[in-house]
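Containing mmCIF, C-alpha atoms: target.cif.
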```cif
data_run
loop_
_atom_site.label_atom_id
_atom_site.label_comp_id
_atom_site.auth_asym_id
_atom_site.auth_seq_id
_atom_site.Cartn_x
_atom_site.Cartn_y
_atom_site.Cartn_z
CA MET A 561 166.93 120.41 66.52
CA LYS A 562 164.19 122.64 65.17
CA SER A 563 160.72 121.26 64.55
CA GLU A 564 160.81 122.35 60.90
CA GLU A 565 163.99 120.34 60.26
CA LEU A 566 162.62 117.24 61.98
CA ASP A 567 159.34 117.56 60.10
CA VAL A 568 161.19 117.44 56.79
CA ILE A 569 163.37 114.50 57.83
CA PHE A 570 160.50 112.38 59.17
CA LYS A 571 157.76 113.40 56.72
CA GLU A 572 157.74 109.90 55.18
CA VAL A 573 156.98 108.32 58.56
CA ARG A 574 153.18 108.20 58.49
CA CYS A 575 152.52 107.24 62.09
CA LYS A 576 151.53 109.73 64.78
CA LYS A 577 154.10 112.43 65.56
CA LYS A 578 154.12 115.23 68.12
CA PHE A 579 156.58 118.13 68.05
CA ASN A 580 157.78 119.99 71.16
CA GLU A 581 155.76 117.60 73.29
CA PRO A 582 155.76 118.11 77.11
CA MET A 583 157.30 114.93 78.52
CA ARG A 584 155.81 115.49 81.98
CA ASN A 585 152.61 114.10 80.43
CA TYR A 586 154.35 110.77 79.84
CA ALA A 587 156.13 110.33 83.16
CA SER A 588 154.70 109.13 86.48
CA PHE A 589 156.72 111.87 88.22
CA ARG A 590 154.76 114.48 86.19
CA ILE A 591 158.11 116.21 85.65
CA GLY A 592 160.06 116.98 82.48
CA GLY A 593 160.62 119.47 79.70
CA ASN A 594 159.64 119.04 76.05
CA ALA A 595 160.85 116.44 73.56
CA ASP A 596 161.84 117.81 70.15
CA LEU A 597 159.82 115.04 68.50
CA LEU A 598 157.76 112.19 69.93
CA ILE A 599 156.92 109.38 67.49
CA PHE A 600 154.48 106.47 67.91
CA PRO A 601 155.45 103.76 65.37
CA GLU A 602 152.63 101.36 64.57
CA ASP A 603 154.71 98.42 63.36
CA THR A 604 158.28 97.22 62.78
CA ASP A 605 158.48 98.99 59.40
CA ASP A 606 157.72 102.34 61.03
CA LEU A 607 160.24 101.65 63.76
CA ARG A 608 162.93 100.57 61.31
CA ASN A 609 162.46 103.75 59.28
CA VAL A 610 162.85 105.88 62.40
CA LEU A 611 166.01 104.03 63.43
CA TYR A 612 167.49 104.43 59.94
CA MET A 613 166.78 108.16 59.84
CA CYS A 614 168.17 108.79 63.31
CA ARG A 615 171.32 106.84 62.47
CA ASP A 616 171.86 108.46 59.07
CA LYS A 617 171.20 112.01 60.29
CA LYS A 618 172.97 111.43 63.63
CA ILE A 619 169.83 112.40 65.56
CA PRO A 620 169.73 111.37 69.24
CA LEU A 621 167.14 108.65 69.93
CA PHE A 622 165.44 107.71 73.20
CA ILE A 623 163.00 104.81 73.65
CA LEU A 624 160.21 105.64 76.11
CA GLY A 625 158.24 103.09 78.08
CA PHE A 626 155.51 104.20 80.48
CA GLY A 627 157.90 106.62 82.19
CA THR A 628 157.43 105.03 85.60
CA ASN A 629 161.07 104.76 86.69
CA LEU A 630 162.20 107.87 84.89
CA LEU A 631 163.25 111.41 85.80
CA ILE A 632 163.24 113.68 82.76
CA LYS A 633 165.23 116.87 83.23
CA ASP A 634 163.66 120.29 82.93
CA GLY A 635 165.29 121.06 79.57
CA GLY A 636 163.54 118.09 77.97
CA ILE A 637 164.93 115.56 75.49
CA ARG A 638 166.74 116.53 72.31
CA GLY A 639 166.20 114.61 69.12
CA VAL A 640 163.59 111.86 68.80
CA VAL A 641 161.66 110.03 71.49
CA VAL A 642 159.97 106.80 70.39
CA SER A 643 156.98 105.33 72.21
CA LEU A 644 155.92 101.75 71.46
CA ASN A 645 152.75 102.11 73.52
CA GLU A 646 150.39 102.25 70.53
CA GLY A 647 151.73 99.74 68.02
CA PHE A 648 153.36 97.02 70.11
CA ARG A 649 150.70 96.17 72.70
CA GLU A 650 149.57 92.68 71.70
CA ILE A 651 149.49 89.97 74.37
CA ARG A 652 148.64 86.44 73.28
CA ILE A 653 148.86 82.82 74.36
CA ALA A 654 151.78 81.20 72.53
CA ASP A 655 151.09 77.72 73.94
CA ASP A 656 149.57 76.21 77.08
CA GLU A 657 152.09 77.77 79.47
CA MET A 658 153.71 80.56 77.45
CA ILE A 659 152.59 84.13 76.82
CA THR A 660 154.00 86.40 74.12
CA ALA A 661 153.79 90.03 75.24
CA GLY A 662 154.53 93.15 73.21
CA ALA A 663 156.98 95.67 74.63
CA GLY A 664 154.42 98.49 74.53
CA ALA A 665 151.82 96.65 76.60
CA GLY A 666 151.39 97.46 80.27
CA LEU A 667 152.80 95.11 82.87
CA GLN A 668 149.49 95.21 84.74
CA THR A 669 147.64 94.33 81.52
CA LEU A 670 149.86 91.26 81.35
CA VAL A 671 149.11 90.43 84.99
CA SER A 672 145.36 90.59 84.28
CA PHE A 673 145.76 88.50 81.12
CA ALA A 674 147.66 85.81 83.03
CA LEU A 675 144.99 85.72 85.74
CA LYS A 676 142.20 85.43 83.18
CA ASN A 677 143.98 82.45 81.61
CA GLU A 678 144.85 80.92 85.01
CA LEU A 679 148.59 81.14 84.45
CA SER A 680 150.83 81.56 87.48
CA GLY A 681 154.35 82.92 87.89
CA ILE A 682 153.95 86.63 87.32
CA GLU A 683 152.08 87.44 90.54
CA PHE A 684 155.24 89.09 91.94
CA SER A 685 154.74 92.01 89.52
CA VAL A 686 151.19 92.92 90.55
CA GLY A 687 151.03 96.64 91.25
CA ILE A 688 154.32 97.43 89.50
CA PRO A 689 153.58 100.13 86.91
CA GLY A 690 155.31 100.36 83.56
CA SER A 691 155.51 98.68 80.18
CA ILE A 692 156.70 95.17 79.36
CA GLY A 693 159.70 96.61 77.53
CA GLY A 694 160.71 98.76 80.47
CA ALA A 695 160.21 95.88 82.89
CA LEU A 696 162.53 93.69 80.81
CA ILE A 697 165.23 96.34 80.47
CA MET A 698 165.12 97.07 84.21
CA ASN A 699 164.60 93.42 85.16
CA ALA A 700 161.74 94.71 87.27
CA GLY A 701 160.75 92.75 90.32
CA THR A 702 160.36 92.44 94.06
CA ARG A 703 161.61 90.09 96.74
CA ASP A 704 159.04 87.62 95.37
CA GLY A 705 160.50 87.43 91.87
CA GLU A 706 161.97 89.22 88.85
CA MET A 707 161.29 89.34 85.13
CA LYS A 708 164.33 87.15 84.44
CA ASP A 709 162.58 84.33 86.30
CA ILE A 710 159.88 84.01 83.62
CA VAL A 711 161.65 85.07 80.42
CA LYS A 712 162.29 82.44 77.77
CA SER A 713 163.41 84.79 74.99
CA VAL A 714 163.16 88.40 73.85
CA LYS A 715 162.74 89.69 70.29
CA ILE A 716 164.65 92.88 69.57
CA MET A 717 165.39 95.20 66.68
CA THR A 718 169.06 96.16 66.42
CA ASP A 719 170.15 99.70 65.63
CA ASP A 720 170.57 98.72 61.97
CA GLY A 721 166.98 97.45 61.72
CA GLU A 722 167.67 93.71 62.00
CA ILE A 723 165.26 91.62 64.08
CA LYS A 724 166.87 89.09 66.42
CA VAL A 725 165.68 86.72 69.13
CA LEU A 726 167.80 86.55 72.28
CA LYS A 727 167.61 83.68 74.76
CA ARG A 728 167.39 84.55 78.44
CA GLU A 729 170.96 83.44 79.11
CA ASP A 730 172.23 85.84 76.43
CA ILE A 731 170.63 88.94 77.99
CA GLY A 732 172.75 89.21 81.14
CA PHE A 733 169.96 89.84 83.61
CA SER A 734 171.00 90.95 87.08
CA TYR A 735 169.54 93.09 89.88
CA ARG A 736 167.57 95.89 88.13
CA HIS A 737 169.76 95.47 85.05
CA SER A 738 169.99 93.79 81.66
CA ASP A 739 172.57 93.68 78.87
CA PHE A 740 170.60 94.17 75.68
CA PRO A 741 172.78 95.25 72.72
CA THR A 742 173.48 98.99 72.65
CA GLY A 743 170.97 100.83 70.49
CA SER A 744 168.57 97.90 70.25
CA VAL A 745 164.82 98.13 70.85
CA VAL A 746 162.85 95.46 72.70
CA LEU A 747 159.85 94.36 70.61
CA GLU A 748 158.28 91.46 72.52
CA ALA A 749 159.06 88.61 74.90
CA ASP A 750 158.09 84.98 75.34
CA LEU A 751 157.31 84.37 79.02
CA ILE A 752 157.12 80.93 80.59
CA LEU A 753 154.41 80.58 83.23
CA ARG A 754 152.59 77.55 84.63
CA LYS A 755 149.03 76.40 84.95
CA GLY A 756 147.40 77.35 88.22
CA ASN A 757 144.10 77.80 89.97
CA GLY A 758 142.47 81.14 89.20
CA ARG A 759 141.18 81.67 92.73
CA ASP A 760 144.59 80.94 94.24
CA ILE A 761 146.34 83.26 91.78
CA LYS A 762 143.85 86.06 92.47
CA LYS A 763 144.18 85.64 96.23
CA LYS A 764 147.98 85.87 96.03
CA MET A 765 147.73 88.99 93.87
CA GLU A 766 145.28 90.62 96.27
CA LEU A 767 147.60 89.98 99.21
CA LEU A 768 150.61 91.39 97.36
CA ILE A 769 148.84 94.54 96.15
CA SER A 770 147.38 95.13 99.62
CA ASP A 771 150.89 94.91 101.07
CA ARG A 772 152.24 97.37 98.47
CA LYS A 773 149.43 99.86 99.08
CA SER A 774 150.07 99.78 102.81
CA LYS A 775 153.79 100.51 102.45
CA GLN A 776 154.23 102.63 99.30
CA PRO A 777 152.77 105.98 98.17
CA LEU A 778 151.15 104.49 95.07
CA SER A 779 148.63 107.31 94.67
CA SER A 780 151.30 110.03 94.59
CA TYR A 781 153.41 111.32 91.70
CA SER A 782 156.68 109.41 91.94
CA ALA A 783 159.02 107.20 89.94
CA GLY A 784 158.98 104.28 92.35
CA SER A 785 162.10 103.31 94.28
CA VAL A 786 164.75 105.96 93.74
CA PHE A 787 167.73 103.89 94.89
CA LYS A 788 168.81 100.28 94.52
CA ASN A 789 169.01 98.27 97.71
CA PRO A 790 172.65 97.73 98.78
CA SER A 791 173.78 94.17 99.50
CA ASN A 792 172.18 92.86 102.70
CA ASP A 793 170.36 96.11 103.45
CA PHE A 794 167.50 98.32 102.30
CA ALA A 795 167.80 101.83 100.89
CA GLY A 796 164.63 102.87 102.71
CA ARG A 797 166.04 101.85 106.09
CA LEU A 798 169.28 103.69 105.44
CA ILE A 799 167.48 106.90 104.40
CA GLU A 800 165.11 106.75 107.35
CA SER A 801 168.06 106.37 109.71
CA THR A 802 169.31 109.81 108.64
CA GLY A 803 166.08 111.50 109.71
CA LEU A 804 165.23 112.63 106.18
CA LYS A 805 161.67 111.30 106.16
CA GLY A 806 159.50 114.19 105.00
CA PHE A 807 162.51 116.33 104.03
CA SER A 808 161.84 118.44 100.94
CA VAL A 809 163.45 120.57 98.29
CA GLY A 810 160.78 122.69 96.65
CA ASP A 811 157.87 120.37 95.92
CA ALA A 812 160.05 117.23 95.91
CA VAL A 813 159.79 115.39 99.22
CA VAL A 814 161.11 112.17 100.76
CA SER A 815 157.94 110.13 101.25
CA GLU A 816 156.60 109.77 104.79
CA MET A 817 155.26 106.34 103.85
CA HIS A 818 158.40 104.88 102.24
CA THR A 819 161.67 106.82 102.37
CA ASN A 820 163.04 105.25 99.17
CA PHE A 821 160.34 107.16 97.29
CA ILE A 822 160.58 110.81 96.34
CA VAL A 823 157.16 112.33 95.75
CA ASN A 824 156.20 115.32 93.62
CA ARG A 825 153.67 117.30 95.66
CA GLY A 826 152.52 119.07 92.51
CA ASN A 827 155.05 121.55 91.18
CA ALA A 828 158.42 119.86 91.69
CA THR A 829 161.08 120.34 89.04
CA ALA A 830 163.71 117.84 88.02
CA CYS A 831 166.23 120.23 89.58
CA ASP A 832 164.41 119.88 92.92
CA VAL A 833 164.51 116.09 92.69
CA LEU A 834 168.18 115.98 91.72
CA LYS A 835 169.13 118.26 94.63
CA LEU A 836 167.15 116.03 97.00
CA ILE A 837 168.82 112.91 95.62
CA GLU A 838 172.26 114.39 96.28
CA ILE A 839 171.30 115.37 99.83
CA VAL A 840 170.04 111.85 100.52
CA LYS A 841 173.19 110.24 99.12
CA GLU A 842 175.45 112.56 101.11
CA ARG A 843 173.58 112.02 104.39
CA VAL A 844 173.50 108.23 103.99
CA PHE A 845 177.20 108.08 103.15
CA THR A 846 178.10 110.33 106.08
CA LYS A 847 176.06 108.34 108.60
CA GLU A 848 176.29 104.78 107.25
CA GLY A 849 179.35 104.81 104.98
CA ILE A 850 177.28 103.41 102.11
CA SER A 851 177.07 104.95 98.63
CA LEU A 852 173.54 104.66 97.28
CA GLU A 853 173.09 104.06 93.56
CA GLU A 854 170.09 105.37 91.68
CA GLU A 855 167.55 102.86 90.40
CA ILE A 856 165.59 105.47 88.45
CA LYS A 857 166.90 106.53 85.06
CA ILE A 858 167.75 110.21 84.63
CA VAL A 859 167.58 111.55 81.08
CA GLY A 860 167.38 114.81 79.19
CA GLU A 861 168.95 118.25 79.32
CA ASP A 862 169.28 120.86 82.02
CA THR A 863 167.47 124.09 81.19
CA HIS A 864 170.72 126.03 80.86
CA SER A 865 172.00 123.57 78.21
CA MET A 866 169.01 123.86 75.88
CA GLN A 867 169.80 125.10 72.37
#
```

Rewrite the coordinates I just gave you, this time as structure tokens.
Amino acid sequence: MKSEELDVIFKEVRCKKKFNEPMRNYASFRIGGNADLLIFPEDTDDLRNVLYMCRDKKIPLFILGFGTNLLIKDGGIRGVVVSLNEGFREIRIADDEMITAGAGAGLQTLVSFALKNELSGIEFSVGIPGSIGGALIMNAGTRDGEMKDIVKSVKIMTDDGEIKVLKREDIGFSYRHSDFPTGSVVLEADLILRKGNGRDIKKKMELLISDRKSKQPLSSYSAGSVFKNPSNDFAGRLIESTGLKGFSVGDAVVSEMHTNFIVNRGNATACDVLKLIEIVKERVFTKEGISLEEEIKIVGEDTHSMQ
């Protein structure tokens, strides 16, 4: 959709808007074409207005977190992209052992907040990038825990602008998955933690982040783990067994440090990454008989399909 048309449609939305915005600037991969329109709603009224307009005008809508488990295609994203990272960032103590965290806040901001208030239970997520909303939708976690372990309830806005509160058991959390209603937007979550000793919490976090830094290419442009771990195995082990460590397509390369990471050496395109993903899947299936499933989300348009 042309910028002029979108400008007319969304002129009543007074929050920050950016037209033809390069999405590589909002993704940890540093890859991606332009979004037709990127909007930063400041409150639920702004968000509701955007949802109404997209629904009424049949404009595609994509909700963006911190872009840390995301591959945006080279043709960019048509329609409207909404970022909650400016208006939905509040983190507060709800009671002695419960934190309410906005969807647009960073997961590591939450980790620091919990440590400051000597609340334990979220240490497993130290070093995991991304927003609270994205972490909930992906049920982010490690072998030490997942978001579902600490969620009491999640407040959402449905696609018709209604605000609802879902209990944990109604969300359908599973491995790197959740079942939020189609078209809904996560607004905030109530997280149940427990009182702990600040020094003990900090020590555990330091050990976990040290372990992550020693095993994962955290300083490189990537989107984290590319594939989900199959039952009773690890995607990284399977990929390494094929001899693909260090294998590249253009500037996209299978990490030498952790083979379940694909790293952008600087000028990789989404096309490069997608080709490399297919090579990895084919080699693993041929050698191990296992079909790997992507953990990262792939969105947007190929360059040849742009209008």

Exercise for review: Show which residues sit within 8 Å of Val809 in chain A, as JSON, numbers by chain. Count all atoms listed in the file, and ignore same-chain residues fewer than 6 positions away.
Suggested key: {"A": [832, 833, 835, 836]}

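Considering all atoms listed in the file, the residue among A:Ala700, A:Leu644, A:Ala795, A:Ile710 positioned nearest to Thr660 in chain A is A:Ile710.
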
Point to revise | Surrounding residues of range 701-709 of chain A excluding itself and chain neighbours under 2 positions, 12 Å, all atoms listed in the file, as number ranges by chain | key: A: 667, 681-690, 692-699, 711-714, 727-739, 749-753, 764-765, 768-769, 772, 784-785, 788-789, 794

Check your understanding: Taking the file as shown, what set of residues would the PyMOL selection byres ((chain A and resi 596-601) around 7) give back, as number ranges by chain?
Key -> A: 561, 563, 575-581, 594-595, 602-603, 606-607, 637-644, 646-647

Practice item. Report the distance between CA of Lys571 in chain A and CA of Gly721 in chain A in Å, rounded to one decimal place. Key: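 Taking CA of Lys571 in chain A and CA of Gly721 in chain A, their separation equals 19.1 Å.
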
Check your understanding: What is the distance, in Å and to one decimal place, between CA of Gly743 in chain A and CA of Asp719 in chain A?
Key ->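 We find that CA of Gly743 in chain A and CA of Asp719 in chain A lie 5.1 Å from each other.
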
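The nearest approach to Thr669 in chain A among the residues A:Arg843, A:Phe648, A:Tyr781, A:Ser691, with only C-alpha atoms taken into account, belongs to A:Ser691.
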
Review point. What does the distance from CA of Glu855 in chain A to CA of Val840 in chain A come to in Å, to one decimal?
Key: 13.8 Å

Review point. Neighbours of Lys841 in chain A within 9 Å (all atoms listed in the file; same-chain residues fewer than 5 positions away dropped), as a PyMOL selection string?
Key: chain A and resi 799+836+846+850-853

Based on the selection just made, write C-alpha atoms of those residues as a PDB file, keeping the file's coordinate frame.
```
ATOM      1  CA  ILE A 799     167.480 106.900 104.400  1.00  0.00           C
ATOM      2  CA  LEU A 836     167.150 116.030  97.000  1.00  0.00           C
ATOM      3  CA  THR A 846     178.100 110.330 106.080  1.00  0.00           C
ATOM      4  CA  ILE A 850     177.280 103.410 102.110  1.00  0.00           C
ATOM      5  CA  SER A 851     177.070 104.950  98.630  1.00  0.00           C
ATOM      6  CA  LEU A 852     173.540 104.660  97.280  1.00  0.00           C
ATOM      7  CA  GLU A 853     173.090 104.060  93.560  1.00  0.00           C
TER       8      GLU A 853
END
```

Review point. For the file shown, what are the residues hit by the PyMOL selection byres ((chain A and resi 656) around 10), laid out as a ChimeraX atom specification?
Key: /A:653-655,657-659,677,679,752-755

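Checking A:Ala830, A:Ile723, A:Ile822, A:Leu767 one by one against Gly860 in chain A, counting all atoms listed in the file, you find the shortest gap at A:Ala830.
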
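Here the question is which of A:Lys676, A:Arg608, A:Lys775, A:Lys805 gets nearest to Arg759 in chain A using only C-alpha atoms, and that residue is A:Lys676.
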
Review point. Mind telling me what the PyMOL selection byres ((chain A and resi 814) around 12) catches here, as a PyMOL selection string?
Key: chain A and resi 776-777+780-782+784-786+796+799-800+802-813+815-825+832-833+835-837+839-840

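Using all atoms listed in the file, the shortest contact distance between Tyr586 in chain A and any of A:Ile569, A:Leu624, A:Leu675, A:Ala828 is found at A:Leu624.
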
Check your understanding: For Gly635 in chain A, which of A:Ile591, A:Ala661, A:Met717, A:Leu566 is the closest residue, counting only C-alpha atoms?
Key ->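 Closest residue, counting only C-alpha atoms: A:Ile591.
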
Where atoms are missing, can you supply N, CA and C atoms for range 810-843 of chain A and output the lot as a PDB file, in the frame of the given file?
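Writing the result to selection35.pdb gives the following:
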```pdb
ATOM      1  N   GLY A 810     161.914 122.260  97.461  1.00  0.00           N
ATOM      2  CA  GLY A 810     160.780 122.690  96.650  1.00  0.00           C
ATOM      3  C   GLY A 810     159.601 121.768  96.889  1.00  0.00           C
ATOM      4  N   ASP A 811     159.009 121.277  95.811  1.00  0.00           N
ATOM      5  CA  ASP A 811     157.870 120.370  95.920  1.00  0.00           C
ATOM      6  C   ASP A 811     158.268 118.895  95.826  1.00  0.00           C
ATOM      7  N   ALA A 812     159.565 118.615  95.869  1.00  0.00           N
ATOM      8  CA  ALA A 812     160.050 117.230  95.910  1.00  0.00           C
ATOM      9  C   ALA A 812     160.309 116.856  97.363  1.00  0.00           C
ATOM     10  N   VAL A 813     159.707 115.747  97.807  1.00  0.00           N
ATOM     11  CA  VAL A 813     159.790 115.390  99.220  1.00  0.00           C
ATOM     12  C   VAL A 813     160.058 113.897  99.388  1.00  0.00           C
ATOM     13  N   VAL A 814     160.894 113.568 100.381  1.00  0.00           N
ATOM     14  CA  VAL A 814     161.110 112.170 100.760  1.00  0.00           C
ATOM     15  C   VAL A 814     159.815 111.661 101.395  1.00  0.00           C
ATOM     16  N   SER A 815     159.252 110.610 100.827  1.00  0.00           N
ATOM     17  CA  SER A 815     157.940 110.130 101.250  1.00  0.00           C
ATOM     18  C   SER A 815     157.906 109.764 102.733  1.00  0.00           C
ATOM     19  N   GLU A 816     156.824 110.152 103.388  1.00  0.00           N
ATOM     20  CA  GLU A 816     156.600 109.770 104.790  1.00  0.00           C
ATOM     21  C   GLU A 816     156.264 108.289 104.892  1.00  0.00           C
ATOM     22  N   MET A 817     155.691 107.739 103.820  1.00  0.00           N
ATOM     23  CA  MET A 817     155.260 106.340 103.850  1.00  0.00           C
ATOM     24  C   MET A 817     156.415 105.383 103.564  1.00  0.00           C
ATOM     25  N   HIS A 818     157.276 105.741 102.622  1.00  0.00           N
ATOM     26  CA  HIS A 818     158.400 104.880 102.240  1.00  0.00           C
ATOM     27  C   HIS A 818     159.540 105.803 101.820  1.00  0.00           C
ATOM     28  N   THR A 819     160.620 105.827 102.580  1.00  0.00           N
ATOM     29  CA  THR A 819     161.670 106.820 102.370  1.00  0.00           C
ATOM     30  C   THR A 819     162.510 106.574 101.124  1.00  0.00           C
ATOM     31  N   ASN A 820     162.333 105.439 100.440  1.00  0.00           N
ATOM     32  CA  ASN A 820     163.040 105.250  99.170  1.00  0.00           C
ATOM     33  C   ASN A 820     162.217 105.782  98.001  1.00  0.00           C
ATOM     34  N   PHE A 821     161.134 106.481  98.305  1.00  0.00           N
ATOM     35  CA  PHE A 821     160.340 107.160  97.290  1.00  0.00           C
ATOM     36  C   PHE A 821     160.498 108.659  97.461  1.00  0.00           C
ATOM     37  N   ILE A 822     160.685 109.353  96.355  1.00  0.00           N
ATOM     38  CA  ILE A 822     160.580 110.810  96.340  1.00  0.00           C
ATOM     39  C   ILE A 822     159.288 111.162  95.634  1.00  0.00           C
ATOM     40  N   VAL A 823     158.496 112.012  96.249  1.00  0.00           N
ATOM     41  CA  VAL A 823     157.160 112.330  95.750  1.00  0.00           C
ATOM     42  C   VAL A 823     157.126 113.777  95.252  1.00  0.00           C
ATOM     43  N   ASN A 824     156.452 113.974  94.146  1.00  0.00           N
ATOM     44  CA  ASN A 824     156.200 115.320  93.620  1.00  0.00           C
ATOM     45  C   ASN A 824     154.861 115.793  94.184  1.00  0.00           C
ATOM     46  N   ARG A 825     154.902 116.808  95.041  1.00  0.00           N
ATOM     47  CA  ARG A 825     153.670 117.300  95.660  1.00  0.00           C
ATOM     48  C   ARG A 825     152.826 118.139  94.700  1.00  0.00           C
ATOM     49  N   GLY A 826     153.324 118.371  93.498  1.00  0.00           N
ATOM     50  CA  GLY A 826     152.520 119.070  92.510  1.00  0.00           C
ATOM     51  C   GLY A 826     153.308 119.912  91.534  1.00  0.00           C
ATOM     52  N   ASN A 827     154.304 120.624  92.037  1.00  0.00           N
ATOM     53  CA  ASN A 827     155.050 121.550  91.180  1.00  0.00           C
ATOM     54  C   ASN A 827     156.560 121.339  91.267  1.00  0.00           C
ATOM     55  N   ALA A 828     156.988 120.137  91.611  1.00  0.00           N
ATOM     56  CA  ALA A 828     158.420 119.860  91.690  1.00  0.00           C
ATOM     57  C   ALA A 828     159.054 119.915  90.315  1.00  0.00           C
ATOM     58  N   THR A 829     160.282 120.369  90.260  1.00  0.00           N
ATOM     59  CA  THR A 829     161.080 120.340  89.040  1.00  0.00           C
ATOM     60  C   THR A 829     162.081 119.192  89.136  1.00  0.00           C
ATOM     61  N   ALA A 830     162.659 118.842  88.001  1.00  0.00           N
ATOM     62  CA  ALA A 830     163.710 117.840  88.020  1.00  0.00           C
ATOM     63  C   ALA A 830     164.895 118.335  88.845  1.00  0.00           C
ATOM     64  N   CYS A 831     165.153 119.633  88.789  1.00  0.00           N
ATOM     65  CA  CYS A 831     166.230 120.230  89.580  1.00  0.00           C
ATOM     66  C   CYS A 831     165.990 120.001  91.077  1.00  0.00           C
ATOM     67  N   ASP A 832     164.749 120.157  91.517  1.00  0.00           N
ATOM     68  CA  ASP A 832     164.410 119.880  92.920  1.00  0.00           C
ATOM     69  C   ASP A 832     164.736 118.435  93.282  1.00  0.00           C
ATOM     70  N   VAL A 833     164.308 117.519  92.421  1.00  0.00           N
ATOM     71  CA  VAL A 833     164.510 116.090  92.690  1.00  0.00           C
ATOM     72  C   VAL A 833     165.989 115.752  92.725  1.00  0.00           C
ATOM     73  N   LEU A 834     166.745 116.277  91.783  1.00  0.00           N
ATOM     74  CA  LEU A 834     168.180 115.980  91.720  1.00  0.00           C
ATOM     75  C   LEU A 834     168.910 116.522  92.945  1.00  0.00           C
ATOM     76  N   LYS A 835     168.531 117.710  93.406  1.00  0.00           N
ATOM     77  CA  LYS A 835     169.130 118.260  94.630  1.00  0.00           C
ATOM     78  C   LYS A 835     168.815 117.373  95.826  1.00  0.00           C
ATOM     79  N   LEU A 836     167.563 116.891  95.893  1.00  0.00           N
ATOM     80  CA  LEU A 836     167.150 116.030  97.000  1.00  0.00           C
ATOM     81  C   LEU A 836     167.884 114.695  96.950  1.00  0.00           C
ATOM     82  N   ILE A 837     168.076 114.151  95.769  1.00  0.00           N
ATOM     83  CA  ILE A 837     168.820 112.910  95.620  1.00  0.00           C
ATOM     84  C   ILE A 837     170.248 113.063  96.146  1.00  0.00           C
ATOM     85  N   GLU A 838     170.890 114.174  95.819  1.00  0.00           N
ATOM     86  CA  GLU A 838     172.260 114.390  96.280  1.00  0.00           C
ATOM     87  C   GLU A 838     172.327 114.549  97.792  1.00  0.00           C
ATOM     88  N   ILE A 839     171.342 115.225  98.374  1.00  0.00           N
ATOM     89  CA  ILE A 839     171.300 115.370  99.830  1.00  0.00           C
ATOM     90  C   ILE A 839     171.153 114.008 100.497  1.00  0.00           C
ATOM     91  N   VAL A 840     170.248 113.184  99.970  1.00  0.00           N
ATOM     92  CA  VAL A 840     170.040 111.850 100.520  1.00  0.00           C
ATOM     93  C   VAL A 840     171.324 111.024 100.442  1.00  0.00           C
ATOM     94  N   LYS A 841     171.971 111.029  99.298  1.00  0.00           N
ATOM     95  CA  LYS A 841     173.190 110.240  99.120  1.00  0.00           C
ATOM     96  C   LYS A 841     174.296 110.698 100.076  1.00  0.00           C
ATOM     97  N   GLU A 842     174.425 112.011 100.222  1.00  0.00           N
ATOM     98  CA  GLU A 842     175.450 112.560 101.110  1.00  0.00           C
ATOM     99  C   GLU A 842     175.177 112.184 102.562  1.00  0.00           C
ATOM    100  N   ARG A 843     173.914 112.323 102.997  1.00  0.00           N
ATOM    101  CA  ARG A 843     173.580 112.020 104.390  1.00  0.00           C
ATOM    102  C   ARG A 843     173.774 110.531 104.707  1.00  0.00           C
TER     103      ARG A 843
END
```
